[in-house]
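J.: Structure below; questions to follow.
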Amino acid sequence: MNSIDANIVDVVRRKILPSRIFFDTHIRQIEYFSKRIERKYILPGFVDAHVHIESSLLPPSEFARIALLHGTLAAVTDPHEIDNVLGIGGIDFMIEDSARVPFRFIFGAPSCVPATPYETAGAILTDKDIEELFQKGKCSYLSEMMNFPGVVNNDINVMRKIAVAQKYNKPIDGHAPGLTGEALRKYISAGISTDHECSSYEEAEEKIKLGMKILIREGSAAKKLDALYLLIEQYPESVMLCTDDLHPDDLQCGHINSLIKKSLEKGVDLFSLLRAATLNPITHYQIDLGLVQLNDPADFIVLDNLHDFKAQQCFLRGVCLYDRVGEEKVFSNICEKSKHSIYPNKFGAEKITVSDLNIISTSDKMKVIQIFDGELFTKEFFCDVKKGIPVVSNTDTDILKIVVLNRYKPAKPAVGFVHGFGLKNGALVSTVAHDSHHIIAVGCDDESLVQVINHVIAIKGGLSAYYKDTIIDLKLDIAGLMSSAPAEEVARAYNQINQTVSLMGSNLKSPLMTLSFMALLVIPELKIGEKGLFDVRRFEWTSVFC
């Protein structure tokens, strides 16, 4: 039997209790002391209540190794990125890889593959597929229902998927940016219980009062803690914390502990905050994770203070997985070796030429996608052009050509225009393009665009910047979404691309993440898919020219 003397930060009873805990796989006994113990606190491990592991550019096993360093013991994860590329085989890969490591992954059954009926994805996930995932115990909830128009309008395929989740009594995650009033009530009445897309306190409060749980998101691109942190104390039973999409450089720096630290600095109550990071997601998703209660599984983290939230030790089922003195060596020794020498992928795109990007104006006005730093939504605005001539990027006005190319089969690229990237030279490309993950690129001239697009086709997936006749890249050999390299190498390569993009003129905090969401046809207002420009407000394709 092991024992630790420390102050239990009891999230259930909202008390700090100086104690000695005795444990093996479970907490068998707790003795309480009268005096607080200096510089030692035990509390439940943190839970990321909604994350797409693929956005870290790491497989689950490597994500877990880094998340653990920050005190995270569990992640509620939606594998719809890899599922859009590989179908159920992609989910199987994620589950198989996650089983190699001691960490609690709670996988959802993707509800929107493809995200909309307007896209060409690498796979289609039906209600029958979702039922199979639940029957076989592979998935524990229905992932975010992004097709909110489908719910509101009783789309038969959408409602069948929801019915399957209800049949198996599984939580249903939501995705309803800006939805309000009667449409919101209808969306929630379908059994959808969470939302992580709120942009304002008022939006979130309306959803909470109608019975939803709100996940406050602080990811690499979308950061909503500043707008929503007051909810944590106002509605402590209805809030969770999540990152949603966190790139490798940010994951290296922190995870849920960073949200806790930032919230404390804003004056948020400690126990309400820890409840959002532990008890609420554990209860809502029925996660098999202890809360440092008598007879609970011995799952906990040890801190030396309640200010910076740097984990000193992490335990799962009584086994120390991480000790800051010994770093993560314990975790690495416990993990099983990967069985993969060749990783799953699907790539059928063919190289393009400059002429493929030629676009002739058919009127004297053009629609442009306007982006905003740190936001996933966009605006539509109009600019004047000369009718009947080729339209090219204009770095003086920051109206740049944006291209999406089908990655699954040979096709002609879709071309549009975007404002806000700020590039003055070169081009940037990614095969992480939510959610169908085609090739997406933005650039200052057609020659640079062709260079980066053809490069990621040659390496069958990755991120790349082309600047001053030099290509900087990060190969993503797992489905064109993740790298099999160690997290530290991935973060370095990712940072190098970001630094290059900064030299190219962009001031965006996360240009690659921002680019990856320009193809997501479910977040307003204007986006671009492999078939052209898409008006999310009307949920229909639209012309570049008016």
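We name chains A, B, ... following the order of the structure tokens; residues begin at 1 in each chain, and ligands are numbered from 1 as shown.
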Which residues come within 9 Å of Thr126 (chain A), counting only C-alpha atoms, excluding same-chain residues fewer than 4 positions away, as a list of chain:residue names?

T.: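 Answer for this query is A:Ser111, A:Cys112, A:Val113, A:Ile130, A:Glu131, A:Asn157, A:Arg160, A:Lys161.
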
J.: Could you write out the selected residues, including N, CA and C atoms, as a PDB file, in the first residue's frame?

T.:
ATOM      1  N   SER A 111     -20.717  12.618 -35.955  1.00  0.00           N
ATOM      2  CA  SER A 111     -22.101  12.742 -36.427  1.00  0.00           C
ATOM      3  C   SER A 111     -22.195  13.335 -37.823  1.00  0.00           C
ATOM      4  N   CYS A 112     -21.118  13.961 -38.277  1.00  0.00           N
ATOM      5  CA  CYS A 112     -21.183  14.695 -39.549  1.00  0.00           C
ATOM      6  C   CYS A 112     -19.987  14.357 -40.431  1.00  0.00           C
ATOM      7  N   VAL A 113     -20.040  13.195 -41.048  1.00  0.00           N
ATOM      8  CA  VAL A 113     -18.995  12.789 -41.990  1.00  0.00           C
ATOM      9  C   VAL A 113     -19.668  12.406 -43.293  1.00  0.00           C
ATOM     10  N   ILE A 130     -22.727   4.344 -37.039  1.00  0.00           N
ATOM     11  CA  ILE A 130     -22.706   4.880 -35.678  1.00  0.00           C
ATOM     12  C   ILE A 130     -23.256   3.849 -34.697  1.00  0.00           C
ATOM     13  N   GLU A 131     -24.315   3.166 -35.086  1.00  0.00           N
ATOM     14  CA  GLU A 131     -24.864   2.130 -34.207  1.00  0.00           C
ATOM     15  C   GLU A 131     -23.833   1.028 -33.974  1.00  0.00           C
ATOM     16  N   ASN A 157     -31.652  11.947 -42.326  1.00  0.00           N
ATOM     17  CA  ASN A 157     -30.389  11.275 -41.992  1.00  0.00           C
ATOM     18  C   ASN A 157     -29.805  11.796 -40.687  1.00  0.00           C
ATOM     19  N   ARG A 160     -31.895  10.382 -37.795  1.00  0.00           N
ATOM     20  CA  ARG A 160     -31.613   8.957 -37.558  1.00  0.00           C
ATOM     21  C   ARG A 160     -30.383   8.780 -36.678  1.00  0.00           C
ATOM     22  N   LYS A 161     -29.361   9.596 -36.912  1.00  0.00           N
ATOM     23  CA  LYS A 161     -28.138   9.512 -36.101  1.00  0.00           C
ATOM     24  C   LYS A 161     -28.432   9.900 -34.651  1.00  0.00           C
TER      25      LYS A 161
END

J.: Per DSSP on the backbone, what are the strand (DSSP E or B) residues of region 404-535 of chain A, as a VMD selection string?

T.: chain A and resid 404 to 405 414 to 419 427 to 430 439 to 443 462 to 467 470 to 475 478 482 526 to 529 532 to 535

J.: Please give the complete set of residues from region 241-490 of chain A that DSSP, run on the backbone, assigns to alpha helix (DSSP H), formatted as number ranges by chain.

T.: A: 248-253, 256-265, 270-277, 279-284, 329-334, 446-458, 487-490

J.: For the residues selected in the previous step, produce a file with C-alpha atoms as a CSV table (one decimal), in the first residue's frame.

T.:
chain,number,residue,atom,x,y,z
A,248,PRO,CA,1.6,21.2,-31.1
A,249,ASP,CA,3.5,24.4,-30.1
A,250,ASP,CA,0.7,25.5,-27.8
A,251,LEU,CA,0.3,22.0,-26.4
A,252,GLN,CA,4.0,22.0,-25.4
A,253,CYS,CA,3.3,25.2,-23.4
A,256,ILE,CA,-6.3,22.7,-19.4
A,257,ASN,CA,-3.9,23.9,-16.7
A,258,SER,CA,-3.4,27.1,-18.7
A,259,LEU,CA,-7.1,27.8,-18.8
A,260,ILE,CA,-7.2,27.3,-15.0
A,261,LYS,CA,-4.3,29.6,-14.4
A,262,LYS,CA,-5.7,32.3,-16.7
A,263,SER,CA,-9.1,32.1,-15.0
A,264,LEU,CA,-7.6,32.3,-11.5
A,265,GLU,CA,-5.8,35.5,-12.6
A,270,LEU,CA,-11.0,28.0,-7.4
A,271,PHE,CA,-13.5,25.3,-6.7
A,272,SER,CA,-16.0,26.4,-9.4
A,273,LEU,CA,-13.1,26.4,-11.8
A,274,LEU,CA,-11.8,23.0,-10.8
A,275,ARG,CA,-15.3,21.6,-11.0
A,276,ALA,CA,-15.4,22.8,-14.7
A,277,ALA,CA,-12.1,21.0,-15.3
A,279,LEU,CA,-16.2,16.9,-11.9
A,280,ASN,CA,-18.5,18.3,-14.6
A,281,PRO,CA,-17.0,16.4,-17.6
A,282,ILE,CA,-16.4,13.3,-15.6
A,283,THR,CA,-20.1,13.2,-14.6
A,284,HIS,CA,-21.5,14.3,-18.0
A,329,LYS,CA,10.4,8.6,-18.4
A,330,VAL,CA,8.0,6.5,-16.3
A,331,PHE,CA,5.2,7.1,-18.8
A,332,SER,CA,7.4,6.2,-21.8
A,333,ASN,CA,8.5,2.9,-20.1
A,334,ILE,CA,4.9,1.9,-19.5
A,446,ASP,CA,0.0,31.8,-58.7
A,447,GLU,CA,3.6,30.5,-59.1
A,448,SER,CA,4.1,30.3,-55.3
A,449,LEU,CA,0.7,28.7,-54.9
A,450,VAL,CA,1.6,26.0,-57.4
A,451,GLN,CA,4.9,25.4,-55.6
A,452,VAL,CA,3.4,24.7,-52.2
A,453,ILE,CA,0.4,22.8,-53.5
A,454,ASN,CA,2.5,20.4,-55.6
A,455,HIS,CA,4.9,19.9,-52.8
A,456,VAL,CA,2.3,18.6,-50.3
A,457,ILE,CA,0.9,16.4,-53.1
A,458,ALA,CA,4.4,15.0,-53.6
A,487,ALA,CA,6.0,15.8,-30.3
A,488,GLU,CA,9.1,17.9,-29.8
A,489,GLU,CA,10.2,17.6,-33.4
A,490,VAL,CA,6.7,18.3,-34.7

J.: How close does region 470-516 of chain A get to region 78-83 of chain A? List, as JSON lines, each residue of region 470-516 of chain A within 12 Å, its nearest atom pair and the distance in Å to one decimal, counting only C-alpha atoms.

T.:
{"residue": "A:Ile478", "atom": "CA", "partner": "A:Ile82", "partner_atom": "CA", "distance": 8.9}
{"residue": "A:Ala479", "atom": "CA", "partner": "A:Ile82", "partner_atom": "CA", "distance": 6.8}
{"residue": "A:Gly480", "atom": "CA", "partner": "A:Ile82", "partner_atom": "CA", "distance": 8.9}
{"residue": "A:Leu481", "atom": "CA", "partner": "A:Ile82", "partner_atom": "CA", "distance": 7.3}
{"residue": "A:Met482", "atom": "CA", "partner": "A:Ile82", "partner_atom": "CA", "distance": 9.2}
{"residue": "A:Ser516", "atom": "CA", "partner": "A:Glu81", "partner_atom": "CA", "distance": 11.6}

J.: Residues near Met212 (chain A), anyone? I mean within 6 Å using only C-alpha atoms, not counting same-chain ones fewer than 5 positions away, as JSON, numbers by chain.

T.: {"A": [193, 194, 207]}

J.: When you count only C-alpha atoms, which of these residues is closest to Ala485 (chain A): A:Val47, A:Ala6, A:His419, A:Glu62?

T.: A:Glu62

J.: Using only C-alpha atoms, what table do you get, as a tab-separated table, when you list each residue of region 64-143 of chain A with an atom no more than 12 Å from region 317-322 of chain A, its nearest pair of atoms, and their distance in Å rounded to one decimal, rows by chain then rising number?

T.:
residue	atom	partner	partner_atom	distance
A:Ala64	CA	A:Leu321	CA	10.9
A:Arg65	CA	A:Tyr322	CA	9.1
A:Ile66	CA	A:Tyr322	CA	10.4
A:Ala67	CA	A:Tyr322	CA	10.8
A:Leu68	CA	A:Tyr322	CA	7.3
A:Leu69	CA	A:Tyr322	CA	7.0
A:His70	CA	A:Tyr322	CA	9.9
A:Gly71	CA	A:Tyr322	CA	9.1
A:Thr72	CA	A:Tyr322	CA	11.0
A:Leu73	CA	A:Leu321	CA	9.9
A:Val101	CA	A:Leu321	CA	10.0
A:Pro102	CA	A:Leu321	CA	7.9
A:Phe103	CA	A:Leu321	CA	9.3
A:Arg104	CA	A:Arg317	CA	11.0

J.: Go ahead and compute the interatomic distance for CA of Asn84 (chain A) and CA of Glu54 (chain A), in Å to one decimal.

T.: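 That distance, rounded to one decimal, is 11.6 Å.
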
J.: Tell me, in Å to one decimal, how far CA of Ser341 (chain A) is from CA of Arg407 (chain A).

T.: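 Distance between the two atoms: 23.0 Å.
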